[in-house]
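Read through the structure below, which is laid out as structure tokens, and then see the notes.
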Amino acid sequence: MLNPQEVYQRNQVMTARPEELILMLYNGAIKFLHQAKLAIEKKDIPKANSSLVKTQDILTELMTTLNLDYEISNSLLSLYDYMKNRLIEANIAKDIAVIIEIENMLLELKNTWATAMKQGLSS
């Protein structure tokens, strides 16, 4: 049986527009990176691993949704691949500095995406 929060989240995903889904993926990745940092600080290695793997899964999802007919998509593919590989390294070493690096990159992408969404709505 699903709890009310899971039902709400599932409904959010099922009714979201594609551009909103991308924003949700960025938010999820950032949330899991924050959890990973806290887990490393608390020496909770299984939780850190789980959170970093979830972020890698989100990056994989972002990679598979790209339309590679556009040059920007190829650039994003390379960037997502870089971030995913860095997170693998961070997971092995439990390196918070690398997690912060990727978190900052994702925050910038998220903010850029949110701005583009707002501009698209006002057009």
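Just remember, in the structure tokens the first chain shown is A, the second B, etc., residues are 1-based per chain, and ligands are 1-based in the order shown.
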Once you count only C-alpha atoms, what closest atom pair and distance in Å to one decimal does each residue of segment 64-115 of chain A within 10 Å of segment 22-41 of chain A have, with rows by chain and rising residue number, as JSON lines?
```
{"residue": "A:Thr65", "atom": "CA", "partner": "A:Ile22", "partner_atom": "CA", "distance": 9.1}
{"residue": "A:Leu87", "atom": "CA", "partner": "A:Leu33", "partner_atom": "CA", "distance": 9.4}
{"residue": "A:Asn91", "atom": "CA", "partner": "A:Ala36", "partner_atom": "CA", "distance": 9.1}
{"residue": "A:Lys94", "atom": "CA", "partner": "A:Ile40", "partner_atom": "CA", "distance": 6.6}
{"residue": "A:Asp95", "atom": "CA", "partner": "A:Ile40", "partner_atom": "CA", "distance": 8.3}
{"residue": "A:Ile96", "atom": "CA", "partner": "A:Lys37", "partner_atom": "CA", "distance": 6.0}
{"residue": "A:Ala97", "atom": "CA", "partner": "A:Lys37", "partner_atom": "CA", "distance": 9.2}
{"residue": "A:Ile99", "atom": "CA", "partner": "A:Leu33", "partner_atom": "CA", "distance": 6.5}
{"residue": "A:Ile100", "atom": "CA", "partner": "A:Leu33", "partner_atom": "CA", "distance": 8.0}
{"residue": "A:Ile102", "atom": "CA", "partner": "A:Leu33", "partner_atom": "CA", "distance": 8.4}
{"residue": "A:Glu103", "atom": "CA", "partner": "A:Ile30", "partner_atom": "CA", "distance": 5.9}
{"residue": "A:Asn104", "atom": "CA", "partner": "A:Ile30", "partner_atom": "CA", "distance": 8.8}
{"residue": "A:Met105", "atom": "CA", "partner": "A:Ile30", "partner_atom": "CA", "distance": 9.7}
{"residue": "A:Leu106", "atom": "CA", "partner": "A:Tyr26", "partner_atom": "CA", "distance": 6.5}
{"residue": "A:Leu107", "atom": "CA", "partner": "A:Ile30", "partner_atom": "CA", "distance": 7.2}
{"residue": "A:Glu108", "atom": "CA", "partner": "A:Tyr26", "partner_atom": "CA", "distance": 9.9}
{"residue": "A:Leu109", "atom": "CA", "partner": "A:Tyr26", "partner_atom": "CA", "distance": 7.8}
{"residue": "A:Lys110", "atom": "CA", "partner": "A:Tyr26", "partner_atom": "CA", "distance": 5.8}
{"residue": "A:Asn111", "atom": "CA", "partner": "A:Leu23", "partner_atom": "CA", "distance": 9.0}
{"residue": "A:Trp113", "atom": "CA", "partner": "A:Leu23", "partner_atom": "CA", "distance": 7.0}
{"residue": "A:Ala114", "atom": "CA", "partner": "A:Leu23", "partner_atom": "CA", "distance": 7.0}
```
Checklist entry - When DSSP works through the backbone of this structure, what residues of segment 26-96 of chain A end up as alpha helix (DSSP H), shown as a ChimeraX atom specification? => result /A:26-41,45-64,71-93,96
Output file for the residues above (C-alpha atoms, as a PDB file, in the first residue's frame):
```pdb
ATOM      1  CA  TYR A  26      17.260  18.005 -11.601  1.00  0.00           C
ATOM      2  CA  ASN A  27      15.583  18.567  -8.222  1.00  0.00           C
ATOM      3  CA  GLY A  28      15.777  14.867  -7.412  1.00  0.00           C
ATOM      4  CA  ALA A  29      19.457  14.666  -8.318  1.00  0.00           C
ATOM      5  CA  ILE A  30      20.268  17.690  -6.168  1.00  0.00           C
ATOM      6  CA  LYS A  31      18.270  16.241  -3.267  1.00  0.00           C
ATOM      7  CA  PHE A  32      20.108  12.903  -3.472  1.00  0.00           C
ATOM      8  CA  LEU A  33      23.499  14.642  -3.628  1.00  0.00           C
ATOM      9  CA  HIS A  34      22.598  16.566  -0.475  1.00  0.00           C
ATOM     10  CA  GLN A  35      21.630  13.274   1.202  1.00  0.00           C
ATOM     11  CA  ALA A  36      24.911  11.713   0.069  1.00  0.00           C
ATOM     12  CA  LYS A  37      26.947  14.541   1.603  1.00  0.00           C
ATOM     13  CA  LEU A  38      25.115  14.209   4.919  1.00  0.00           C
ATOM     14  CA  ALA A  39      25.516  10.442   4.889  1.00  0.00           C
ATOM     15  CA  ILE A  40      29.271  10.703   4.288  1.00  0.00           C
ATOM     16  CA  GLU A  41      29.581  13.203   7.133  1.00  0.00           C
ATOM     17  CA  ILE A  45      28.357   4.497   3.803  1.00  0.00           C
ATOM     18  CA  PRO A  46      25.339   2.443   2.598  1.00  0.00           C
ATOM     19  CA  LYS A  47      23.126   5.578   2.546  1.00  0.00           C
ATOM     20  CA  ALA A  48      25.837   7.581   0.763  1.00  0.00           C
ATOM     21  CA  ASN A  49      26.194   4.837  -1.839  1.00  0.00           C
ATOM     22  CA  SER A  50      22.446   4.588  -2.330  1.00  0.00           C
ATOM     23  CA  SER A  51      22.046   8.342  -2.771  1.00  0.00           C
ATOM     24  CA  LEU A  52      24.932   8.579  -5.231  1.00  0.00           C
ATOM     25  CA  VAL A  53      23.618   5.644  -7.260  1.00  0.00           C
ATOM     26  CA  LYS A  54      20.181   7.286  -7.401  1.00  0.00           C
ATOM     27  CA  THR A  55      21.801  10.457  -8.730  1.00  0.00           C
ATOM     28  CA  GLN A  56      23.688   8.427 -11.339  1.00  0.00           C
ATOM     29  CA  ASP A  57      20.389   6.815 -12.351  1.00  0.00           C
ATOM     30  CA  ILE A  58      18.839  10.255 -12.793  1.00  0.00           C
ATOM     31  CA  LEU A  59      21.767  11.332 -14.967  1.00  0.00           C
ATOM     32  CA  THR A  60      21.257   8.199 -17.057  1.00  0.00           C
ATOM     33  CA  GLU A  61      17.588   9.114 -17.456  1.00  0.00           C
ATOM     34  CA  LEU A  62      18.521  12.655 -18.494  1.00  0.00           C
ATOM     35  CA  MET A  63      20.946  11.204 -21.042  1.00  0.00           C
ATOM     36  CA  THR A  64      18.352   8.888 -22.570  1.00  0.00           C
ATOM     37  CA  GLU A  71      24.011  20.355 -30.982  1.00  0.00           C
ATOM     38  CA  ILE A  72      23.069  21.426 -27.430  1.00  0.00           C
ATOM     39  CA  SER A  73      21.895  17.895 -26.712  1.00  0.00           C
ATOM     40  CA  ASN A  74      25.288  16.498 -27.665  1.00  0.00           C
ATOM     41  CA  SER A  75      26.931  18.983 -25.314  1.00  0.00           C
ATOM     42  CA  LEU A  76      24.537  18.017 -22.521  1.00  0.00           C
ATOM     43  CA  LEU A  77      25.219  14.335 -23.183  1.00  0.00           C
ATOM     44  CA  SER A  78      28.935  14.926 -22.659  1.00  0.00           C
ATOM     45  CA  LEU A  79      28.264  16.972 -19.537  1.00  0.00           C
ATOM     46  CA  TYR A  80      25.928  14.370 -18.025  1.00  0.00           C
ATOM     47  CA  ASP A  81      28.458  11.641 -18.824  1.00  0.00           C
ATOM     48  CA  TYR A  82      31.201  13.657 -17.115  1.00  0.00           C
ATOM     49  CA  MET A  83      29.021  14.187 -14.035  1.00  0.00           C
ATOM     50  CA  LYS A  84      28.091  10.519 -13.874  1.00  0.00           C
ATOM     51  CA  ASN A  85      31.735   9.433 -14.067  1.00  0.00           C
ATOM     52  CA  ARG A  86      32.734  11.956 -11.403  1.00  0.00           C
ATOM     53  CA  LEU A  87      30.006  10.617  -9.121  1.00  0.00           C
ATOM     54  CA  ILE A  88      31.326   7.094  -9.580  1.00  0.00           C
ATOM     55  CA  GLU A  89      34.720   8.407  -8.463  1.00  0.00           C
ATOM     56  CA  ALA A  90      33.106  10.273  -5.563  1.00  0.00           C
ATOM     57  CA  ASN A  91      31.277   7.140  -4.497  1.00  0.00           C
ATOM     58  CA  ILE A  92      34.457   5.082  -4.462  1.00  0.00           C
ATOM     59  CA  ALA A  93      36.402   7.707  -2.498  1.00  0.00           C
ATOM     60  CA  ILE A  96      32.393  15.383  -0.671  1.00  0.00           C
TER      61      ILE A  96
END
```
Checklist entry - Distance atom CA of Ala116 of chain A-atom CA of Gln5 of chain A, one decimal place? => result 28.6 Å
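In terms of minimum interatomic distance to Leu21 of chain A, A:Met117 ranks closest within A:Lys43, A:Met117, A:Asn67, A:Leu2, counting only C-alpha atoms.
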